[in-house]
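Q: Pasting data.cif here (mmCIF, C-alpha atoms):
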```cif
data_final
loop_
_atom_site.label_atom_id
_atom_site.label_comp_id
_atom_site.auth_asym_id
_atom_site.auth_seq_id
_atom_site.Cartn_x
_atom_site.Cartn_y
_atom_site.Cartn_z
CA MET A 915 -10.85 20.91 -0.45
CA ALA A 916 -9.59 24.09 1.20
CA ASP A 917 -7.65 22.02 3.72
CA LEU A 918 -6.09 19.92 0.95
CA HIS A 919 -5.12 23.09 -0.94
CA PHE A 920 -3.58 24.48 2.23
CA LEU A 921 -1.47 21.31 2.63
CA ALA A 922 -0.33 21.46 -1.01
CA ASN A 923 2.48 23.76 0.05
CA PRO A 924 5.44 21.50 1.06
CA ALA A 925 6.45 23.74 3.98
CA ARG A 926 2.92 23.75 5.42
CA PHE A 927 2.60 20.01 4.86
CA ARG A 928 5.86 19.43 6.74
CA ARG A 929 4.68 21.48 9.71
CA PHE A 930 1.41 19.54 9.71
CA SER A 931 3.15 16.15 9.55
CA GLN A 932 5.55 17.02 12.34
CA ARG A 933 2.59 17.77 14.60
CA VAL A 934 0.78 14.56 13.64
CA LEU A 935 3.65 12.06 13.50
CA PRO A 936 4.37 11.56 17.25
CA SER A 937 0.74 10.80 18.11
CA LEU A 938 0.30 8.65 15.02
CA ALA A 939 3.44 6.65 15.78
CA PHE A 940 2.31 6.00 19.37
CA ALA A 941 -1.21 5.00 18.29
CA THR A 942 0.15 2.71 15.56
CA ALA A 943 2.50 0.94 17.98
CA LEU A 944 -0.30 0.45 20.52
CA MET A 945 -2.72 -0.80 17.86
CA LEU A 946 -0.08 -3.20 16.55
CA LEU A 947 0.55 -4.72 19.97
CA VAL A 948 -3.18 -5.28 20.51
CA GLY A 949 -3.60 -6.57 16.97
CA LEU A 950 -0.80 -9.11 17.31
CA TYR A 951 -2.33 -10.38 20.54
CA MET A 952 -5.74 -10.73 18.88
CA ALA A 953 -4.30 -12.39 15.76
CA LEU A 954 -1.75 -14.74 17.34
CA ILE A 955 -3.30 -15.59 20.71
CA GLN A 956 -6.95 -14.65 21.02
CA SER A 957 -8.31 -15.77 17.65
CA PRO A 958 -8.97 -19.51 17.28
CA PRO A 959 -7.34 -21.74 14.66
CA ASP A 960 -9.41 -22.46 11.57
CA TYR A 961 -11.19 -25.83 11.51
CA GLN A 962 -9.60 -26.66 8.14
CA GLN A 963 -6.39 -24.60 7.96
CA GLY A 964 -5.42 -24.72 11.62
CA ASP A 965 -2.93 -22.07 12.75
CA THR A 966 -1.92 -21.44 9.14
CA VAL A 967 -4.93 -19.13 8.88
CA ARG A 968 -3.06 -16.59 11.04
CA ILE A 969 -1.02 -15.62 7.96
CA MET A 970 -4.23 -14.02 6.73
CA PHE A 971 -4.02 -11.27 9.34
CA VAL A 972 -0.97 -9.84 7.56
CA HIS A 973 -1.52 -11.13 4.03
CA VAL A 974 -5.00 -9.73 3.39
CA PRO A 975 -4.41 -6.19 4.79
CA SER A 976 -1.10 -6.04 2.89
CA ALA A 977 -2.94 -6.86 -0.34
CA TRP A 978 -5.53 -4.17 0.35
CA LEU A 979 -2.85 -1.58 1.10
CA ALA A 980 -0.76 -2.54 -1.92
CA MET A 981 -3.78 -1.81 -4.13
CA ALA A 982 -4.76 1.33 -2.21
CA GLY A 983 -1.17 2.56 -2.42
CA TYR A 984 -1.15 2.24 -6.19
CA ALA A 985 -4.51 4.02 -6.43
CA LEU A 986 -2.87 6.80 -4.40
CA LEU A 987 0.01 6.89 -6.90
CA ALA A 988 -2.46 7.26 -9.76
CA GLY A 989 -4.28 10.07 -7.95
CA LEU A 990 -1.01 11.85 -7.24
CA GLY A 991 0.02 11.35 -10.86
CA ALA A 992 -3.20 12.98 -12.06
CA ALA A 993 -2.69 15.86 -9.60
CA LEU A 994 0.82 16.38 -10.95
CA LEU A 995 -0.01 16.16 -14.66
CA ILE A 996 -3.30 18.09 -14.61
CA TRP A 997 -3.04 20.57 -11.76
CA ARG A 998 0.76 20.60 -11.25
CA HIS A 999 0.19 20.00 -7.54
CA PRO A 1000 3.47 21.08 -5.88
CA LEU A 1001 3.46 18.24 -3.35
CA ALA A 1002 2.18 15.44 -5.60
CA ALA A 1003 5.54 14.43 -7.07
CA LEU A 1004 7.25 14.37 -3.68
CA MET A 1005 4.49 12.32 -2.07
CA ALA A 1006 4.45 9.92 -5.02
CA ARG A 1007 8.19 9.35 -4.61
CA ALA A 1008 7.56 8.72 -0.92
CA SER A 1009 4.55 6.43 -1.42
CA ALA A 1010 5.90 4.12 -4.13
CA PRO A 1011 8.49 2.26 -1.96
CA VAL A 1012 5.95 1.92 0.86
CA GLY A 1013 3.35 0.46 -1.48
CA ALA A 1014 5.97 -1.82 -3.03
CA GLY A 1015 6.90 -3.03 0.46
CA PHE A 1016 3.31 -3.98 1.28
CA CYS A 1017 3.00 -5.65 -2.12
CA ALA A 1018 6.15 -7.69 -1.43
CA VAL A 1019 4.78 -8.71 1.99
CA CYS A 1020 1.53 -9.76 0.30
CA LEU A 1021 3.39 -11.92 -2.23
CA LEU A 1022 5.68 -13.46 0.41
CA THR A 1023 2.93 -14.29 2.91
CA GLY A 1024 0.75 -15.55 0.07
CA SER A 1025 3.49 -17.97 -0.94
CA LEU A 1026 3.86 -19.19 2.65
CA TRP A 1027 0.10 -19.61 2.89
CA GLY A 1028 -0.15 -21.28 -0.51
CA ARG A 1029 2.38 -24.03 0.26
CA PRO A 1030 0.19 -25.92 2.79
CA MET A 1031 -3.08 -25.01 1.03
CA TRP A 1032 -2.15 -25.65 -2.63
CA GLY A 1033 0.99 -27.75 -2.27
CA ALA A 1034 3.17 -25.11 -3.98
CA TYR A 1035 4.69 -21.77 -3.04
CA TRP A 1036 3.69 -20.26 -6.38
CA VAL A 1037 1.21 -20.97 -9.17
CA TRP A 1038 0.49 -18.79 -12.19
CA ASP A 1039 -2.97 -18.02 -10.88
CA ALA A 1040 -4.75 -14.91 -12.24
CA ARG A 1041 -4.83 -13.19 -8.83
CA LEU A 1042 -1.18 -13.99 -8.05
CA THR A 1043 0.04 -13.01 -11.50
CA SER A 1044 -1.80 -9.68 -11.50
CA MET A 1045 -0.46 -8.95 -8.01
CA LEU A 1046 3.07 -9.73 -9.21
CA LEU A 1047 2.49 -7.31 -12.09
CA LEU A 1048 1.47 -4.68 -9.52
CA PHE A 1049 4.80 -5.18 -7.76
CA PHE A 1050 6.66 -4.66 -11.05
CA LEU A 1051 4.60 -1.51 -11.71
CA TYR A 1052 5.73 -0.18 -8.34
CA LEU A 1053 9.36 -0.94 -9.22
CA GLY A 1054 8.88 0.74 -12.60
CA HIS A 1055 7.50 3.85 -10.91
CA ILE A 1056 10.45 4.00 -8.54
CA ALA A 1057 12.95 3.50 -11.38
CA LEU A 1058 11.33 6.04 -13.72
CA SER A 1059 11.12 8.76 -11.07
CA ARG A 1060 14.88 8.49 -10.60
CA ALA A 1061 15.91 7.82 -14.21
CA TYR A 1062 16.43 11.45 -15.33
CA ASP A 1063 18.87 14.14 -14.31
CA GLU A 1064 15.91 16.54 -14.17
CA PRO A 1065 13.62 15.32 -11.36
CA GLU A 1066 10.57 16.91 -13.00
CA ARG A 1067 10.92 14.74 -16.12
CA GLY A 1068 11.22 11.60 -14.01
CA ASP A 1069 8.19 12.56 -11.93
CA ARG A 1070 6.06 13.12 -15.05
CA ALA A 1071 7.15 9.80 -16.60
CA ALA A 1072 6.37 7.96 -13.36
CA ALA A 1073 2.98 9.70 -13.16
CA ILE A 1074 2.08 8.52 -16.67
CA LEU A 1075 3.05 4.94 -15.73
CA ALA A 1076 0.90 5.15 -12.58
CA LEU A 1077 -2.13 6.25 -14.60
CA ILE A 1078 -1.63 3.50 -17.18
CA GLY A 1079 -0.99 0.82 -14.58
CA VAL A 1080 -4.12 1.62 -12.58
CA VAL A 1081 -6.10 -0.58 -15.02
CA ASN A 1082 -4.47 -3.53 -13.25
CA LEU A 1083 -6.38 -2.83 -10.02
CA PRO A 1084 -9.82 -4.02 -11.20
CA ILE A 1085 -8.10 -7.05 -12.75
CA ILE A 1086 -6.68 -7.95 -9.33
CA LYS A 1087 -10.02 -7.35 -7.63
CA PHE A 1088 -12.23 -9.28 -10.05
CA SER A 1089 -9.78 -11.92 -11.30
CA VAL A 1090 -11.34 -14.56 -9.04
CA ASP A 1091 -14.75 -13.80 -10.56
CA TRP A 1092 -13.65 -13.54 -14.20
CA TRP A 1093 -11.46 -16.65 -14.32
CA ASN A 1094 -11.37 -20.09 -12.72
CA THR A 1095 -8.57 -19.62 -10.20
CA LEU A 1096 -7.16 -21.40 -7.17
CA HIS A 1097 -7.39 -18.22 -5.12
CA GLN A 1098 -10.48 -18.06 -2.93
CA PRO A 1099 -13.17 -15.43 -3.78
CA ALA A 1100 -13.87 -12.38 -1.65
CA SER A 1101 -14.74 -13.23 1.95
CA VAL A 1102 -15.12 -9.74 3.48
CA ALA A 1103 -16.34 -7.26 0.84
CA ARG A 1104 -19.19 -9.25 -0.67
CA LEU A 1105 -22.87 -8.54 -1.34
CA GLY A 1106 -24.15 -11.11 1.13
CA GLY A 1107 -21.93 -9.82 3.90
CA PRO A 1108 -18.68 -11.28 5.25
CA SER A 1109 -18.42 -15.06 5.25
CA ILE A 1110 -15.76 -15.08 7.99
CA HIS A 1111 -16.66 -15.83 11.61
CA PRO A 1112 -16.47 -12.73 13.86
CA SER A 1113 -13.71 -14.35 15.96
CA ILE A 1114 -11.44 -14.10 12.89
CA LEU A 1115 -13.08 -11.13 11.12
CA ILE A 1116 -12.61 -8.69 14.02
CA PRO A 1117 -8.83 -9.30 14.37
CA LEU A 1118 -8.53 -9.11 10.57
CA LEU A 1119 -10.22 -5.71 10.41
CA TRP A 1120 -8.22 -4.52 13.42
CA MET A 1121 -4.97 -5.45 11.68
CA ALA A 1122 -6.20 -3.79 8.48
CA VAL A 1123 -6.74 -0.50 10.33
CA THR A 1124 -3.40 -0.88 12.10
CA LEU A 1125 -1.44 -1.50 8.91
CA PHE A 1126 -3.26 1.38 7.25
CA MET A 1127 -2.04 3.63 10.06
CA LEU A 1128 1.46 2.24 9.53
CA PHE A 1129 1.16 2.99 5.81
CA VAL A 1130 0.16 6.61 6.52
CA LEU A 1131 2.97 6.95 9.07
CA LEU A 1132 5.61 5.72 6.63
CA VAL A 1133 4.31 7.89 3.80
CA LEU A 1134 4.39 10.99 6.01
CA LEU A 1135 7.92 10.23 7.19
CA ARG A 1136 9.16 9.60 3.68
CA THR A 1137 7.40 12.69 2.30
CA ASP A 1138 9.20 14.83 4.88
CA THR A 1139 12.47 13.23 3.75
CA GLU A 1140 11.68 13.93 0.08
CA ILE A 1141 10.89 17.58 0.88
CA ASP A 1142 14.25 17.96 2.64
CA ARG A 1143 16.07 16.18 -0.19
CA ARG A 1144 14.49 18.41 -2.85
CA ARG A 1145 15.37 21.53 -0.86
CA LEU A 1146 18.98 20.36 -0.57
CA GLU A 1147 19.17 19.67 -4.31
CA ASN A 1148 17.80 23.12 -5.11
CA ALA A 1149 20.24 24.75 -2.71
CA GLU A 1150 23.17 22.90 -4.32
CA GLN A 1151 22.07 24.01 -7.80
CA GLN A 1152 21.87 27.66 -6.70
CA ALA A 1153 25.22 27.57 -4.94
#
```
The structure given in the file should be rewritten as structure tokens.

A:
Amino acid sequence: MADLHFLANPARFRRFSQRVLPSLAFATALMLLVGLYMALIQSPPDYQQGDTVRIMFVHVPSAWLAMAGYALLAGLGAALLIWRHPLAALMARASAPVGAGFCAVCLLTGSLWGRPMWGAYWVWDARLTSMLLLFFLYLGHIALSRAYDEPERGDRAAAILALIGVVNLPIIKFSVDWWNTLHQPASVARLGGPSIHPSILIPLLWMAVTLFMLFVLLVLLRTDTEIDRRRLENAEQQA
């Protein structure tokens, strides 16, 4: 907790991120190259889906990160509204477009995967519909945070939306259990253990870690940009 409190100061956070970013960017690029080799070349085609299963290596981690990104928004919103965390609003502004991007990738790859599996690019399935709602919640957060002349009012409104919208996350997670849907049930995080063969599970988890590192990298870069932008706005107001 002491470390997190130390990083709450935007100037300290920026110094920390500038030290971390070069190594993180190199590690992410290296992990991505290895992950693409494992996903596209090393892993075998599925006995039913053939090479179409390779879409999973991007689709599934993108879905996980889209949900994790929104949980992060809710946490940052709580930090802003309850503790007035000085960095929370800036990081939320930085995180929302990144999370929305992963959510869009999830929806796009899901449509491409659904066409050969279900015979349609889109169906109003519970999992798909709740994921689409998540994308709109991201867009709403981005719009609200920029809708006011006073940035603080926009940040508070966006934080409230993030806290309200977080109820959609368990709906996404358990929709395949609560309703009769076309979407397949959980194959990795399940009580009986993963139902995926290791030759596909290992590349999937590798890509999940890699895309998580990419998520962190993008959030750090965008947070630095938001800190600089806020400083420039404050300087213009004082001039």

Q: Neighbouring residues of A:Gly1068 were defined as those with any atom within 6 Å, considering only C-alpha atoms; residues of the same chain fewer than 4 positions away were excluded. Please report them as a ChimeraX atom specification.

A: /A:1058-1060,1062

Q: Sorted by chain and rising residue number, which residues of stretch 1022-1087 of chain A lie within 12 Å of stretch 1127-1151 of chain A, and what are their closest atom pairs and distances in Å to one decimal, counting all atoms listed in the file, as CSV?

A:
```
residue,atom,partner,partner_atom,distance
A:Asp1063,CA,A:Glu1147,CA,11.4
A:Glu1064,CA,A:Glu1147,CA,10.8
A:Pro1065,CA,A:Arg1144,CA,9.1
A:Glu1066,CA,A:Arg1144,CA,11.0
```

Q: Under the PyMOL selection byres ((chain A and resi 1087) around 10), which residues of this model are included? Write them out as a ChimeraX atom specification.

A: /A:978,981,1041,1044-1045,1082-1086,1088-1092,1099-1100

Q: For the residues in that selection, give me C-alpha atoms as an mmCIF file, keeping the file's coordinate frame.

A:
```cif
data_model
loop_
_atom_site.group_PDB
_atom_site.id
_atom_site.type_symbol
_atom_site.label_atom_id
_atom_site.label_comp_id
_atom_site.auth_asym_id
_atom_site.auth_seq_id
_atom_site.Cartn_x
_atom_site.Cartn_y
_atom_site.Cartn_z
ATOM 1 C CA TRP A 978 -5.530 -4.170 0.350
ATOM 2 C CA MET A 981 -3.780 -1.810 -4.130
ATOM 3 C CA ARG A 1041 -4.830 -13.190 -8.830
ATOM 4 C CA SER A 1044 -1.800 -9.680 -11.500
ATOM 5 C CA MET A 1045 -0.460 -8.950 -8.010
ATOM 6 C CA ASN A 1082 -4.470 -3.530 -13.250
ATOM 7 C CA LEU A 1083 -6.380 -2.830 -10.020
ATOM 8 C CA PRO A 1084 -9.820 -4.020 -11.200
ATOM 9 C CA ILE A 1085 -8.100 -7.050 -12.750
ATOM 10 C CA ILE A 1086 -6.680 -7.950 -9.330
ATOM 11 C CA PHE A 1088 -12.230 -9.280 -10.050
ATOM 12 C CA SER A 1089 -9.780 -11.920 -11.300
ATOM 13 C CA VAL A 1090 -11.340 -14.560 -9.040
ATOM 14 C CA ASP A 1091 -14.750 -13.800 -10.560
ATOM 15 C CA TRP A 1092 -13.650 -13.540 -14.200
ATOM 16 C CA PRO A 1099 -13.170 -15.430 -3.780
ATOM 17 C CA ALA A 1100 -13.870 -12.380 -1.650
#
```

Q: Of the residues A:Leu987, A:Pro924, A:Ala1061, A:Ser1113, which is the one nearest to A:Gly1079, using only C-alpha atoms?

A: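 The shortest atom-to-atom distance to A:Gly1079 comes from A:Leu987.
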
Q: Determine the axis-aligned bounding box of all atoms of stretch 1023-1034 of chain A present in the file, pad each side by 5 Å, and express its centre and edge lengths in Å to one decimal place as JSON.

A:
```
{"center_x": 0.4, "center_y": -21.0, "center_z": -0.5, "size_x": 16.9, "size_y": 23.5, "size_z": 16.9}
```

Q: For a quick check of understanding, using all atoms listed in the file, which of A:Leu1125, A:Ile969, A:Leu1042, A:Pro958 has the smallest distance to A:Gly1015?

A: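 Closest residue, counting all atoms listed in the file: A:Leu1125.
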
Q: Please supply stretch 1108-1119 of chain A, rebuilt with all heavy atoms, as a compact mmCIF listing (two decimals), in the frame of the given file.

A:
```
# COMPACT_ATOMS: atom_id res chain seq x y z
N PRO A 1108 -19.88 -10.46 5.04
CA PRO A 1108 -18.68 -11.28 5.25
C PRO A 1108 -19.02 -12.73 5.55
O PRO A 1108 -19.99 -13.03 6.25
CB PRO A 1108 -18.01 -10.61 6.46
CG PRO A 1108 -18.57 -9.23 6.50
CD PRO A 1108 -19.96 -9.34 5.98
N SER A 1109 -18.21 -13.64 5.00
CA SER A 1109 -18.42 -15.06 5.25
C SER A 1109 -17.45 -15.59 6.31
O SER A 1109 -17.35 -16.79 6.50
CB SER A 1109 -18.24 -15.85 3.94
OG SER A 1109 -16.92 -15.68 3.42
N ILE A 1110 -16.74 -14.70 6.97
CA ILE A 1110 -15.76 -15.08 7.99
C ILE A 1110 -16.40 -14.94 9.37
O ILE A 1110 -17.12 -13.96 9.63
CB ILE A 1110 -14.50 -14.20 7.90
CG1 ILE A 1110 -13.90 -14.27 6.49
CG2 ILE A 1110 -13.46 -14.62 8.91
CD1 ILE A 1110 -12.70 -13.36 6.29
N HIS A 1111 -16.12 -15.88 10.25
CA HIS A 1111 -16.66 -15.83 11.61
C HIS A 1111 -16.10 -14.60 12.34
O HIS A 1111 -14.94 -14.22 12.15
CB HIS A 1111 -16.26 -17.10 12.38
CG HIS A 1111 -16.99 -17.25 13.67
ND1 HIS A 1111 -16.53 -16.71 14.84
CD2 HIS A 1111 -18.17 -17.88 13.97
CE1 HIS A 1111 -17.37 -17.00 15.82
NE2 HIS A 1111 -18.37 -17.71 15.31
N PRO A 1112 -16.92 -13.94 13.17
CA PRO A 1112 -16.47 -12.73 13.86
C PRO A 1112 -15.17 -12.92 14.66
O PRO A 1112 -14.40 -11.96 14.82
CB PRO A 1112 -17.65 -12.40 14.79
CG PRO A 1112 -18.84 -12.96 14.09
CD PRO A 1112 -18.35 -14.20 13.41
N SER A 1113 -14.92 -14.12 15.18
CA SER A 1113 -13.71 -14.35 15.96
C SER A 1113 -12.45 -14.19 15.11
O SER A 1113 -11.35 -13.95 15.65
CB SER A 1113 -13.73 -15.76 16.58
OG SER A 1113 -13.75 -16.75 15.56
N ILE A 1114 -12.57 -14.31 13.81
CA ILE A 1114 -11.44 -14.10 12.89
C ILE A 1114 -11.61 -12.77 12.16
O ILE A 1114 -10.61 -12.07 11.90
CB ILE A 1114 -11.34 -15.26 11.88
CG1 ILE A 1114 -10.97 -16.54 12.62
CG2 ILE A 1114 -10.32 -14.96 10.79
CD1 ILE A 1114 -10.86 -17.77 11.73
N LEU A 1115 -12.84 -12.37 11.86
CA LEU A 1115 -13.08 -11.13 11.12
C LEU A 1115 -12.65 -9.91 11.92
O LEU A 1115 -12.03 -8.99 11.36
CB LEU A 1115 -14.57 -11.02 10.77
CG LEU A 1115 -14.99 -9.75 10.04
CD1 LEU A 1115 -14.29 -9.63 8.69
CD2 LEU A 1115 -16.51 -9.70 9.87
N ILE A 1116 -12.95 -9.87 13.21
CA ILE A 1116 -12.61 -8.69 14.02
C ILE A 1116 -11.09 -8.48 14.09
O ILE A 1116 -10.61 -7.36 13.85
CB ILE A 1116 -13.24 -8.80 15.42
CG1 ILE A 1116 -14.77 -8.69 15.31
CG2 ILE A 1116 -12.71 -7.70 16.35
CD1 ILE A 1116 -15.50 -8.94 16.62
N PRO A 1117 -10.29 -9.51 14.41
CA PRO A 1117 -8.83 -9.30 14.37
C PRO A 1117 -8.33 -8.90 12.99
O PRO A 1117 -7.39 -8.11 12.87
CB PRO A 1117 -8.26 -10.65 14.81
CG PRO A 1117 -9.35 -11.30 15.58
CD PRO A 1117 -10.62 -10.84 14.95
N LEU A 1118 -8.94 -9.45 11.93
CA LEU A 1118 -8.53 -9.11 10.57
C LEU A 1118 -8.75 -7.63 10.30
O LEU A 1118 -7.86 -6.94 9.78
CB LEU A 1118 -9.30 -9.97 9.57
CG LEU A 1118 -9.07 -9.64 8.09
CD1 LEU A 1118 -7.61 -9.87 7.70
CD2 LEU A 1118 -9.99 -10.48 7.21
N LEU A 1119 -9.93 -7.13 10.64
CA LEU A 1119 -10.22 -5.71 10.41
C LEU A 1119 -9.36 -4.82 11.30
O LEU A 1119 -8.94 -3.73 10.88
CB LEU A 1119 -11.71 -5.44 10.66
CG LEU A 1119 -12.67 -6.15 9.69
CD1 LEU A 1119 -14.12 -5.83 10.07
CD2 LEU A 1119 -12.40 -5.75 8.25
```
